[in-house]
>>> print(open('query.txt').read())   # compact mmCIF, C-alpha atoms
# COMPACT_ATOMS: atom_id res chain seq x y z
CA LYS A 42 37.42 -58.55 -23.61
CA PRO A 43 39.63 -61.60 -24.38
CA ILE A 44 37.88 -64.78 -25.48
CA LEU A 45 38.88 -67.70 -23.25
CA ARG A 46 38.72 -71.39 -24.01
CA ARG A 47 40.18 -74.42 -22.30
CA GLY A 48 42.27 -77.09 -23.90
CA LEU A 49 44.31 -77.32 -27.08
CA LEU A 50 42.94 -76.92 -30.59
CA ASN A 51 43.04 -80.21 -32.49
CA ARG A 52 43.46 -79.36 -36.18
CA ARG A 53 43.15 -82.99 -37.29
CA THR A 54 39.66 -83.65 -38.66
CA TYR A 55 37.83 -86.93 -38.04
CA SER A 56 40.20 -87.58 -35.18
CA GLN A 57 38.48 -90.84 -34.25
CA ASP A 58 36.98 -92.04 -37.55
CA PHE A 59 39.96 -93.50 -39.35
CA SER A 60 37.73 -94.91 -42.10
CA ASN A 61 36.60 -91.44 -43.17
CA ALA A 62 37.68 -90.13 -46.58
CA ALA A 63 39.66 -87.39 -44.79
CA TRP A 64 42.21 -90.13 -44.10
CA THR A 65 44.26 -91.85 -46.79
CA ASN A 66 45.69 -95.27 -46.10
CA ALA A 67 48.11 -97.46 -48.02
CA ASN A 68 48.45 -101.21 -47.49
CA LEU A 69 46.40 -101.00 -44.31
CA ASN A 70 43.07 -102.51 -43.27
CA VAL A 71 41.08 -100.21 -40.95
CA THR A 72 38.34 -101.85 -38.88
CA LEU A 73 36.25 -99.71 -36.51
CA GLY A 74 34.43 -100.76 -33.35
CA GLN A 75 37.27 -102.82 -31.92
CA ALA A 76 39.08 -103.00 -28.56
CA SER A 77 37.63 -101.21 -25.58
CA SER A 78 39.01 -97.67 -25.42
CA PRO A 79 40.66 -96.11 -22.37
CA TYR A 80 37.19 -94.85 -21.49
CA GLY A 81 35.40 -98.20 -21.74
CA THR A 82 33.76 -97.76 -25.15
CA ASN A 83 34.26 -100.15 -28.08
CA ASP A 84 35.09 -97.44 -30.61
CA SER A 85 38.78 -97.97 -31.29
CA ALA A 86 40.11 -98.94 -34.71
CA LEU A 87 42.24 -101.95 -35.57
CA LEU A 88 44.99 -100.92 -38.00
CA ALA A 89 46.26 -104.09 -39.68
CA PRO A 90 48.99 -104.13 -42.37
CA THR A 91 47.97 -106.00 -45.50
CA ALA A 92 49.94 -108.79 -47.17
CA VAL A 93 51.49 -106.28 -49.58
CA SER A 94 55.21 -105.92 -48.95
CA GLY A 95 55.87 -102.24 -48.32
CA SER A 96 55.05 -99.50 -45.83
CA HIS A 97 51.68 -99.47 -44.07
CA VAL A 98 50.42 -95.97 -43.38
CA LEU A 99 47.45 -93.78 -42.48
CA TYR A 100 47.76 -90.05 -43.11
CA GLN A 101 46.29 -86.61 -43.79
CA ASN A 102 47.92 -83.77 -45.72
CA ASP A 103 47.17 -81.00 -43.25
CA VAL A 104 50.51 -79.65 -42.02
CA THR A 105 51.90 -76.19 -42.76
CA ILE A 106 55.52 -76.32 -43.89
CA SER A 107 58.00 -74.65 -41.47
CA GLN A 108 55.39 -74.74 -38.66
CA ASN A 109 56.32 -76.23 -35.29
CA VAL A 110 53.70 -78.91 -34.71
CA THR A 111 52.92 -81.86 -32.46
CA MET A 112 51.32 -85.07 -33.66
CA ALA A 113 49.57 -87.02 -30.92
CA PHE A 114 47.71 -90.30 -30.60
CA ILE A 115 46.02 -92.67 -28.20
CA ALA A 116 46.94 -96.24 -29.12
CA LYS A 117 47.41 -99.76 -27.77
CA ALA A 118 49.43 -102.75 -28.92
CA GLY A 119 47.75 -105.67 -30.59
CA VAL A 120 49.83 -108.40 -32.19
CA LEU A 121 51.99 -105.51 -33.45
CA GLN A 122 53.35 -102.93 -31.03
CA PHE A 123 55.29 -100.25 -32.92
CA LEU A 124 53.67 -97.04 -34.16
CA SER A 125 55.68 -94.44 -36.07
CA PRO A 126 54.30 -90.92 -36.53
CA SER A 127 56.19 -89.20 -39.31
CA ASN A 128 56.34 -86.08 -41.44
CA ALA A 129 55.96 -87.70 -44.88
CA GLY A 130 57.95 -90.83 -44.02
CA VAL A 131 61.28 -89.02 -43.73
CA GLY A 132 63.57 -90.78 -41.22
CA VAL A 133 64.86 -87.69 -39.43
CA LEU A 134 61.22 -86.57 -39.00
CA THR A 135 60.00 -89.88 -37.58
CA SER A 136 59.66 -91.26 -34.06
CA THR A 137 58.77 -94.86 -33.25
CA PHE A 138 56.72 -95.66 -30.15
CA ASP A 139 56.78 -99.06 -28.45
CA LEU A 140 53.23 -99.59 -27.18
CA VAL A 141 54.34 -102.39 -24.85
CA SER A 142 57.42 -100.97 -23.13
CA GLY A 143 56.31 -97.31 -23.22
CA THR A 144 59.54 -96.12 -24.83
CA SER A 145 60.21 -94.21 -28.04
CA ALA A 146 63.08 -93.71 -30.48
CA ASN A 147 63.52 -90.36 -32.24
CA GLY A 148 64.82 -89.27 -35.59
CA ALA A 149 67.37 -86.46 -35.66
CA SER A 150 64.70 -83.76 -35.89
CA THR A 151 61.95 -85.01 -33.54
CA THR A 152 61.21 -85.13 -29.83
CA SER A 153 58.69 -87.49 -28.27
CA SER A 154 57.07 -88.62 -25.03
CA MET A 155 54.47 -91.10 -23.79
CA VAL A 156 52.10 -91.35 -20.84
CA SER A 157 50.22 -94.49 -19.81
CA LEU A 158 46.42 -94.21 -19.70
CA GLY A 159 46.03 -97.67 -18.19
CA GLY A 160 44.85 -100.93 -19.69
CA GLY A 161 47.72 -100.96 -22.18
CA TRP A 162 46.70 -97.62 -23.72
CA TRP A 163 49.21 -94.81 -24.27
CA LEU A 164 49.00 -91.18 -25.21
CA GLY A 165 52.04 -90.38 -27.32
CA ALA A 166 53.28 -87.08 -28.73
CA MET A 167 55.91 -86.25 -31.35
CA SER A 168 57.03 -82.66 -32.06
CA PHE A 169 58.94 -81.37 -35.07
CA THR A 170 59.31 -78.49 -37.51
CA ALA A 171 57.43 -79.54 -40.61
CA ALA A 172 59.29 -79.94 -43.88
CA TYR A 173 56.33 -81.55 -45.70
CA THR A 174 52.53 -81.30 -45.59
CA SER A 175 51.87 -84.96 -44.76
CA ALA A 176 51.40 -86.07 -41.16
CA SER A 177 51.46 -89.86 -41.21
CA PHE A 178 51.07 -92.82 -38.87
CA TYR A 179 53.10 -95.84 -39.99
CA ILE A 180 52.59 -99.30 -38.52
CA ASN A 181 56.07 -100.63 -37.87
CA ASN A 182 57.63 -104.00 -37.09
CA SER A 183 60.74 -102.75 -35.31
CA SER A 184 61.66 -100.20 -32.67
CA SER A 185 63.96 -98.09 -34.86
CA ALA A 186 63.04 -94.52 -35.80
CA SER A 187 62.60 -95.36 -39.46
CA ILE A 188 59.90 -96.59 -41.81
CA ALA A 189 59.80 -100.39 -42.09
CA PHE A 190 58.91 -102.25 -45.26
CA PHE A 191 57.31 -105.63 -44.57
CA ALA A 192 54.31 -107.79 -45.45
CA GLY A 193 51.50 -108.16 -42.93
CA ASN A 194 48.60 -110.61 -43.01
CA GLY A 195 45.65 -108.20 -43.05
CA THR A 196 44.42 -109.12 -39.57
CA ASP A 197 47.27 -108.58 -37.08
CA GLY A 198 47.91 -104.98 -36.12
CA LEU A 199 47.51 -102.43 -33.34
CA TYR A 200 44.67 -100.30 -32.02
CA MET A 201 44.22 -96.54 -32.32
CA TYR A 202 41.57 -94.57 -30.47
CA ARG A 203 42.25 -90.95 -31.39
CA ALA A 204 44.71 -88.76 -33.30
CA GLY A 205 45.68 -85.12 -32.84
CA LEU A 206 47.59 -82.38 -34.60
CA PHE A 207 48.48 -79.26 -32.60
CA ASP A 208 50.31 -76.08 -33.51
CA GLY A 209 53.30 -75.75 -31.21
CA THR A 210 55.48 -78.11 -29.18
CA TYR A 211 53.87 -80.16 -26.39
CA THR A 212 54.70 -83.22 -24.37
CA ALA A 213 52.22 -86.03 -23.85
CA GLN A 214 51.71 -84.90 -20.25
CA GLN A 215 50.98 -81.33 -21.31
CA ILE A 216 48.35 -82.59 -23.74
CA ILE A 217 46.73 -84.63 -20.96
CA ASP A 218 46.85 -81.63 -18.61
CA ALA A 219 45.20 -79.51 -21.31
CA GLY A 220 42.23 -81.88 -21.53
CA GLY A 221 43.56 -84.59 -23.83
CA ILE A 222 43.10 -84.96 -27.58
CA PRO A 223 39.80 -83.30 -28.55
CA LEU A 224 37.30 -85.23 -30.66
CA THR A 225 36.78 -83.68 -34.10
CA THR A 226 34.66 -84.37 -37.16
CA THR A 227 34.54 -81.87 -40.04
CA ALA A 228 36.40 -79.05 -38.29
CA ALA A 229 39.08 -78.34 -35.71
CA ALA A 230 37.93 -78.42 -32.09
CA SER A 231 39.22 -77.80 -28.59
CA SER A 232 38.31 -79.59 -25.38
CA THR A 233 36.13 -78.03 -22.69
CA THR A 234 38.34 -79.15 -19.82
CA GLY A 235 41.97 -78.81 -19.00
CA LYS A 236 44.61 -77.14 -16.91
CA TYR A 237 45.76 -74.73 -19.63
CA TRP A 238 43.72 -72.06 -21.37
CA TRP A 239 43.86 -69.90 -24.46
CA GLN A 240 43.20 -66.22 -24.80
CA PHE A 241 42.45 -64.38 -28.02
CA ASP A 242 42.66 -60.58 -28.04
CA GLY A 243 41.31 -60.11 -31.55
CA SER A 244 44.59 -60.60 -33.35
CA ASN A 245 46.77 -63.00 -31.35
CA ASP A 246 46.00 -66.46 -29.96
CA SER A 247 48.26 -67.50 -27.09
CA LEU A 248 48.45 -70.38 -24.62
CA ASN A 249 48.51 -69.56 -20.92
CA LEU A 250 50.15 -72.33 -18.87
CA SER A 251 48.46 -71.39 -15.59
CA SER A 252 45.20 -72.82 -14.33
CA PRO A 253 42.12 -71.49 -16.19
CA PRO A 254 40.32 -68.58 -14.54
CA ILE A 255 36.87 -70.06 -15.22
>>> encode(input="query.txt", output="structure tokens")
Amino acid sequence: KPILRRGLLNRRTYSQDFSNAAWTNANLNVTLGQASSPYGTNDSALLAPTAVSGSHVLYQNDVTISQNVTMAFIAKAGVLQFLSPSNAGVGVLTSTFDLVSGTSANGASTTSSMVSLGGGWWLGAMSFTAAYTSASFYINNSSSASIAFFAGNGTDGLYMYRAGLFDGTYTAQQIIDAGGIPLTTTAAASSTTGKYWWQFDGSNDSLNLSSPPI
């Protein structure tokens, strides 16, 4: 009998604890317990570029090369408003999201979308075929689909609530319909709600885009 589960499988560990050692950051101050999340809890993180002139990034090395993947996030503008998911900081594999206007700019090899969650919060998604193992979030100071080099002040930044990494290509709306970005700690996890469902027949895992049968 097939095993059924709702939602998408988030392969990104510690999807909400950006201070955990699973995450590496460069030239970035990470402060937990900040702005109220889309769900009313004060458990978002402030990501603030330091005064070092350079790129300001938070990342995990958890991507399989040549795999079609989607990076996702829930974030909100602070003093800074541009967030750039990227496959290892390569321009053609980078999209930049404007967390004020709700628009995004793509590199030559990415697609992206955003959906408002209210209160200034956005769920964004960027899909690409991985050329590198690193899946990174750069804090940017411009709307271009490239990695900016600049000096921050260590306190001004933007807010991130949750991060996701999914096998396959999904829009932001599809991720919401599938139950959102699942919370993870030490291991991958899927949500228990959602419009879509997975079935596993013992050898193959496939996504069914119809409403779940349970």
>>> closest_residue(input="query.txt", among="A:Ala149, A:Ala192, A:Leu206, A:Leu124", to="Asn109 in chain A", atoms="only C-alpha atoms")
A:Leu206
>>> residues_around(input="query.txt", residues="Ala171 in chain A", least_positions_apart="4", cutoff="9 Å", atoms="all atoms listed in the file", output="PyMOL selection string")
chain A and resi 104-110+128+134+175-176
>>> closest_residue(input="query.txt", among="A:Phe169, A:Phe207, A:Phe191, A:Tyr200", to="Asn70 in chain A", atoms="all atoms listed in the file")
A:Tyr200
>>> closest_residue(input="query.txt", among="A:Ala86, A:Ala189, A:Ala76, A:Val93", to="Val131 in chain A", atoms="all atoms listed in the file")
A:Ala189
>>> residues_near_point(input="query.txt", point="(64.2, -91.4, -39.3)", cutoff="12 Å", atoms="only C-alpha atoms", output="PyMOL selection string")
chain A and resi 125-137+146-152+179+184-189
>>> atom_distance(input="query.txt", atom1="CA of Ser231 in chain A", atom2="CA of Leu50 in chain A")
4.3 Å
>>> residues_around(input="query.txt", residues="Gln214 in chain A", least_positions_apart="2", cutoff="8 Å", atoms="all atoms listed in the file", output="ChimeraX atom specification")
/A:155-156,212,216-218
>>> residues_near_point(input="query.txt", point="(51.6, -100.4, -50.9)", cutoff="6 Å", atoms="all atoms listed in the file", output="PDB file with C-alpha atoms, keeping the file's coordinate frame")
ATOM      1  CA  ALA A  67      48.110 -97.460 -48.020  1.00  0.00           C
ATOM      2  CA  ASN A  68      48.450-101.210 -47.490  1.00  0.00           C
ATOM      3  CA  GLY A  95      55.870-102.240 -48.320  1.00  0.00           C
TER       4      GLY A  95
END
>>> closest_residue(input="query.txt", among="A:Thr225, A:Ser85, A:Ser78, A:Asn102", to="Thr65 in chain A", atoms="all atoms listed in the file")
A:Asn102
>>> atom_distance(input="query.txt", atom1="CA of Asp197 in chain A", atom2="CA of Trp163 in chain A")
18.9 Å
>>> closest_residue(input="query.txt", among="A:Tyr80, A:Thr196, A:Asp58, A:Gln101", to="Thr174 in chain A", atoms="all atoms listed in the file")
A:Gln101
>>> residues_around(input="query.txt", residues="His97 in chain A", least_positions_apart="6", cutoff="8 Å", atoms="all atoms listed in the file", output="VMD selection string")
chain A and resid 66 to 69 90 to 91 179 to 181 190
>>> closest_residue(input="query.txt", among="A:Thr72, A:Asn83, A:Ser153, A:Ser96", to="Phe178 in chain A", atoms="all atoms listed in the file")
A:Ser96
>>> atom_distance(input="query.txt", atom1="CA of Leu88 in chain A", atom2="CA of Gly198 in chain A")
5.3 Å
>>> decode(input="query.txt", residues="range 188-237 of chain A", atoms="N, CA and C atoms", output="PDB file, in the first residue's frame")
ATOM      1  N   ILE A 188      25.498  39.666  -6.915  1.00  0.00           N
ATOM      2  CA  ILE A 188      25.930  39.758  -5.536  1.00  0.00           C
ATOM      3  C   ILE A 188      26.618  41.101  -5.312  1.00  0.00           C
ATOM      4  N   ALA A 189      26.099  41.879  -4.356  1.00  0.00           N
ATOM      5  CA  ALA A 189      26.634  43.212  -4.092  1.00  0.00           C
ATOM      6  C   ALA A 189      27.741  43.140  -3.047  1.00  0.00           C
ATOM      7  N   PHE A 190      28.737  43.969  -3.216  1.00  0.00           N
ATOM      8  CA  PHE A 190      29.810  44.128  -2.251  1.00  0.00           C
ATOM      9  C   PHE A 190      29.672  45.522  -1.637  1.00  0.00           C
ATOM     10  N   PHE A 191      29.450  45.573  -0.328  1.00  0.00           N
ATOM     11  CA  PHE A 191      29.262  46.854   0.341  1.00  0.00           C
ATOM     12  C   PHE A 191      29.567  46.666   1.824  1.00  0.00           C
ATOM     13  N   ALA A 192      29.658  47.757   2.539  1.00  0.00           N
ATOM     14  CA  ALA A 192      29.875  47.728   3.982  1.00  0.00           C
ATOM     15  C   ALA A 192      28.576  48.094   4.687  1.00  0.00           C
ATOM     16  N   GLY A 193      28.150  47.254   5.627  1.00  0.00           N
ATOM     17  CA  GLY A 193      26.992  47.571   6.436  1.00  0.00           C
ATOM     18  C   GLY A 193      27.419  48.279   7.712  1.00  0.00           C
ATOM     19  N   ASN A 194      26.520  48.281   8.714  1.00  0.00           N
ATOM     20  CA  ASN A 194      26.881  48.883  10.000  1.00  0.00           C
ATOM     21  C   ASN A 194      26.676  47.933  11.168  1.00  0.00           C
ATOM     22  N   GLY A 195      26.314  46.671  10.860  1.00  0.00           N
ATOM     23  CA  GLY A 195      26.158  45.667  11.905  1.00  0.00           C
ATOM     24  C   GLY A 195      24.817  45.642  12.587  1.00  0.00           C
ATOM     25  N   THR A 196      23.962  46.632  12.319  1.00  0.00           N
ATOM     26  CA  THR A 196      22.652  46.687  12.973  1.00  0.00           C
ATOM     27  C   THR A 196      21.487  46.776  11.986  1.00  0.00           C
ATOM     28  N   ASP A 197      21.690  47.424  10.849  1.00  0.00           N
ATOM     29  CA  ASP A 197      20.622  47.535   9.850  1.00  0.00           C
ATOM     30  C   ASP A 197      20.625  46.302   8.958  1.00  0.00           C
ATOM     31  N   GLY A 198      19.447  45.744   8.726  1.00  0.00           N
ATOM     32  CA  GLY A 198      19.367  44.552   7.893  1.00  0.00           C
ATOM     33  C   GLY A 198      17.940  44.250   7.501  1.00  0.00           C
ATOM     34  N   LEU A 199      17.631  42.975   7.343  1.00  0.00           N
ATOM     35  CA  LEU A 199      16.279  42.516   7.056  1.00  0.00           C
ATOM     36  C   LEU A 199      15.976  41.310   7.930  1.00  0.00           C
ATOM     37  N   TYR A 200      14.719  40.876   7.905  1.00  0.00           N
ATOM     38  CA  TYR A 200      14.275  39.816   8.796  1.00  0.00           C
ATOM     39  C   TYR A 200      13.960  38.546   8.011  1.00  0.00           C
ATOM     40  N   MET A 201      14.409  37.410   8.540  1.00  0.00           N
ATOM     41  CA  MET A 201      14.062  36.126   7.939  1.00  0.00           C
ATOM     42  C   MET A 201      13.413  35.237   8.998  1.00  0.00           C
ATOM     43  N   TYR A 202      12.326  34.593   8.595  1.00  0.00           N
ATOM     44  CA  TYR A 202      11.587  33.727   9.508  1.00  0.00           C
ATOM     45  C   TYR A 202      11.894  32.253   9.265  1.00  0.00           C
ATOM     46  N   ARG A 203      11.958  31.854   8.000  1.00  0.00           N
ATOM     47  CA  ARG A 203      12.173  30.434   7.713  1.00  0.00           C
ATOM     48  C   ARG A 203      12.785  30.268   6.334  1.00  0.00           C
ATOM     49  N   ALA A 204      13.554  29.187   6.156  1.00  0.00           N
ATOM     50  CA  ALA A 204      14.198  28.885   4.881  1.00  0.00           C
ATOM     51  C   ALA A 204      13.877  27.450   4.471  1.00  0.00           C
ATOM     52  N   GLY A 205      13.787  27.235   3.164  1.00  0.00           N
ATOM     53  CA  GLY A 205      13.477  25.901   2.657  1.00  0.00           C
ATOM     54  C   GLY A 205      14.327  25.528   1.468  1.00  0.00           C
ATOM     55  N   LEU A 206      14.526  24.235   1.296  1.00  0.00           N
ATOM     56  CA  LEU A 206      15.196  23.689   0.118  1.00  0.00           C
ATOM     57  C   LEU A 206      14.428  22.449  -0.310  1.00  0.00           C
ATOM     58  N   PHE A 207      13.869  22.488  -1.521  1.00  0.00           N
ATOM     59  CA  PHE A 207      13.021  21.413  -2.025  1.00  0.00           C
ATOM     60  C   PHE A 207      13.584  20.840  -3.313  1.00  0.00           C
ATOM     61  N   ASP A 208      13.520  19.521  -3.457  1.00  0.00           N
ATOM     62  CA  ASP A 208      13.850  18.900  -4.730  1.00  0.00           C
ATOM     63  C   ASP A 208      12.714  19.189  -5.708  1.00  0.00           C
ATOM     64  N   GLY A 209      13.064  19.664  -6.896  1.00  0.00           N
ATOM     65  CA  GLY A 209      12.049  19.960  -7.892  1.00  0.00           C
ATOM     66  C   GLY A 209      11.850  21.455  -8.056  1.00  0.00           C
ATOM     67  N   THR A 210      10.963  21.814  -8.973  1.00  0.00           N
ATOM     68  CA  THR A 210      10.687  23.209  -9.324  1.00  0.00           C
ATOM     69  C   THR A 210       9.291  23.587  -8.861  1.00  0.00           C
ATOM     70  N   TYR A 211       9.214  24.611  -7.986  1.00  0.00           N
ATOM     71  CA  TYR A 211       7.932  25.039  -7.432  1.00  0.00           C
ATOM     72  C   TYR A 211       7.861  26.563  -7.392  1.00  0.00           C
ATOM     73  N   THR A 212       6.666  27.078  -7.569  1.00  0.00           N
ATOM     74  CA  THR A 212       6.438  28.498  -7.367  1.00  0.00           C
ATOM     75  C   THR A 212       6.149  28.755  -5.894  1.00  0.00           C
ATOM     76  N   ALA A 213       6.196  30.019  -5.513  1.00  0.00           N
ATOM     77  CA  ALA A 213       5.857  30.378  -4.141  1.00  0.00           C
ATOM     78  C   ALA A 213       4.426  29.963  -3.803  1.00  0.00           C
ATOM     79  N   GLN A 214       3.498  30.132  -4.740  1.00  0.00           N
ATOM     80  CA  GLN A 214       2.108  29.761  -4.472  1.00  0.00           C
ATOM     81  C   GLN A 214       1.960  28.255  -4.300  1.00  0.00           C
ATOM     82  N   GLN A 215       2.673  27.470  -5.079  1.00  0.00           N
ATOM     83  CA  GLN A 215       2.609  26.021  -4.912  1.00  0.00           C
ATOM     84  C   GLN A 215       3.137  25.595  -3.553  1.00  0.00           C
ATOM     85  N   ILE A 216       4.176  26.252  -3.070  1.00  0.00           N
ATOM     86  CA  ILE A 216       4.712  25.928  -1.745  1.00  0.00           C
ATOM     87  C   ILE A 216       3.688  26.255  -0.666  1.00  0.00           C
ATOM     88  N   ILE A 217       3.013  27.400  -0.805  1.00  0.00           N
ATOM     89  CA  ILE A 217       1.961  27.746   0.150  1.00  0.00           C
ATOM     90  C   ILE A 217       0.835  26.722   0.099  1.00  0.00           C
ATOM     91  N   ASP A 218       0.406  26.354  -1.125  1.00  0.00           N
ATOM     92  CA  ASP A 218      -0.675  25.385  -1.275  1.00  0.00           C
ATOM     93  C   ASP A 218      -0.304  24.021  -0.699  1.00  0.00           C
ATOM     94  N   ALA A 219       0.995  23.721  -0.696  1.00  0.00           N
ATOM     95  CA  ALA A 219       1.455  22.430  -0.177  1.00  0.00           C
ATOM     96  C   ALA A 219       1.708  22.464   1.323  1.00  0.00           C
ATOM     97  N   GLY A 220       1.322  23.550   1.983  1.00  0.00           N
ATOM     98  CA  GLY A 220       1.457  23.615   3.434  1.00  0.00           C
ATOM     99  C   GLY A 220       2.529  24.551   3.919  1.00  0.00           C
ATOM    100  N   GLY A 221       3.210  25.258   3.009  1.00  0.00           N
ATOM    101  CA  GLY A 221       4.244  26.200   3.414  1.00  0.00           C
ATOM    102  C   GLY A 221       5.607  25.551   3.561  1.00  0.00           C
ATOM    103  N   ILE A 222       6.528  26.267   4.189  1.00  0.00           N
ATOM    104  CA  ILE A 222       7.886  25.769   4.402  1.00  0.00           C
ATOM    105  C   ILE A 222       7.925  25.045   5.740  1.00  0.00           C
ATOM    106  N   PRO A 223       8.123  23.728   5.739  1.00  0.00           N
ATOM    107  CA  PRO A 223       8.106  22.980   7.004  1.00  0.00           C
ATOM    108  C   PRO A 223       9.247  23.380   7.928  1.00  0.00           C
ATOM    109  N   LEU A 224       8.968  23.371   9.227  1.00  0.00           N
ATOM    110  CA  LEU A 224       9.988  23.604  10.242  1.00  0.00           C
ATOM    111  C   LEU A 224      10.850  22.355  10.378  1.00  0.00           C
ATOM    112  N   THR A 225      12.172  22.545  10.385  1.00  0.00           N
ATOM    113  CA  THR A 225      13.093  21.424  10.577  1.00  0.00           C
ATOM    114  C   THR A 225      14.094  21.757  11.678  1.00  0.00           C
ATOM    115  N   THR A 226      14.674  20.691  12.241  1.00  0.00           N
ATOM    116  CA  THR A 226      15.822  20.860  13.133  1.00  0.00           C
ATOM    117  C   THR A 226      16.965  20.014  12.564  1.00  0.00           C
ATOM    118  N   THR A 227      17.175  18.824  13.114  1.00  0.00           N
ATOM    119  CA  THR A 227      18.330  18.019  12.705  1.00  0.00           C
ATOM    120  C   THR A 227      18.116  17.246  11.414  1.00  0.00           C
ATOM    121  N   ALA A 228      16.863  17.134  10.957  1.00  0.00           N
ATOM    122  CA  ALA A 228      16.592  16.303   9.785  1.00  0.00           C
ATOM    123  C   ALA A 228      15.529  16.945   8.915  1.00  0.00           C
ATOM    124  N   ALA A 229      15.458  16.485   7.676  1.00  0.00           N
ATOM    125  CA  ALA A 229      14.428  16.948   6.754  1.00  0.00           C
ATOM    126  C   ALA A 229      13.045  16.636   7.315  1.00  0.00           C
ATOM    127  N   ALA A 230      12.060  17.457   6.941  1.00  0.00           N
ATOM    128  CA  ALA A 230      10.702  17.244   7.439  1.00  0.00           C
ATOM    129  C   ALA A 230       9.701  17.769   6.436  1.00  0.00           C
ATOM    130  N   SER A 231       8.501  17.193   6.452  1.00  0.00           N
ATOM    131  CA  SER A 231       7.411  17.672   5.618  1.00  0.00           C
ATOM    132  C   SER A 231       6.301  18.183   6.517  1.00  0.00           C
ATOM    133  N   SER A 232       5.435  19.026   5.962  1.00  0.00           N
ATOM    134  CA  SER A 232       4.325  19.559   6.729  1.00  0.00           C
ATOM    135  C   SER A 232       3.214  18.524   6.821  1.00  0.00           C
ATOM    136  N   THR A 233       2.277  18.765   7.724  1.00  0.00           N
ATOM    137  CA  THR A 233       1.146  17.845   7.904  1.00  0.00           C
ATOM    138  C   THR A 233      -0.127  18.388   7.279  1.00  0.00           C
ATOM    139  N   THR A 234      -0.018  19.514   6.601  1.00  0.00           N
ATOM    140  CA  THR A 234      -1.174  20.084   5.914  1.00  0.00           C
ATOM    141  C   THR A 234      -0.778  20.372   4.483  1.00  0.00           C
ATOM    142  N   GLY A 235      -1.746  20.692   3.676  1.00  0.00           N
ATOM    143  CA  GLY A 235      -1.416  21.097   2.319  1.00  0.00           C
ATOM    144  C   GLY A 235      -2.336  20.507   1.278  1.00  0.00           C
ATOM    145  N   LYS A 236      -2.378  21.173   0.156  1.00  0.00           N
ATOM    146  CA  LYS A 236      -3.228  20.760  -0.953  1.00  0.00           C
ATOM    147  C   LYS A 236      -2.644  19.571  -1.703  1.00  0.00           C
ATOM    148  N   TYR A 237      -1.310  19.502  -1.798  1.00  0.00           N
ATOM    149  CA  TYR A 237      -0.656  18.440  -2.554  1.00  0.00           C
ATOM    150  C   TYR A 237      -0.268  17.294  -1.627  1.00  0.00           C
TER     151      TYR A 237
END
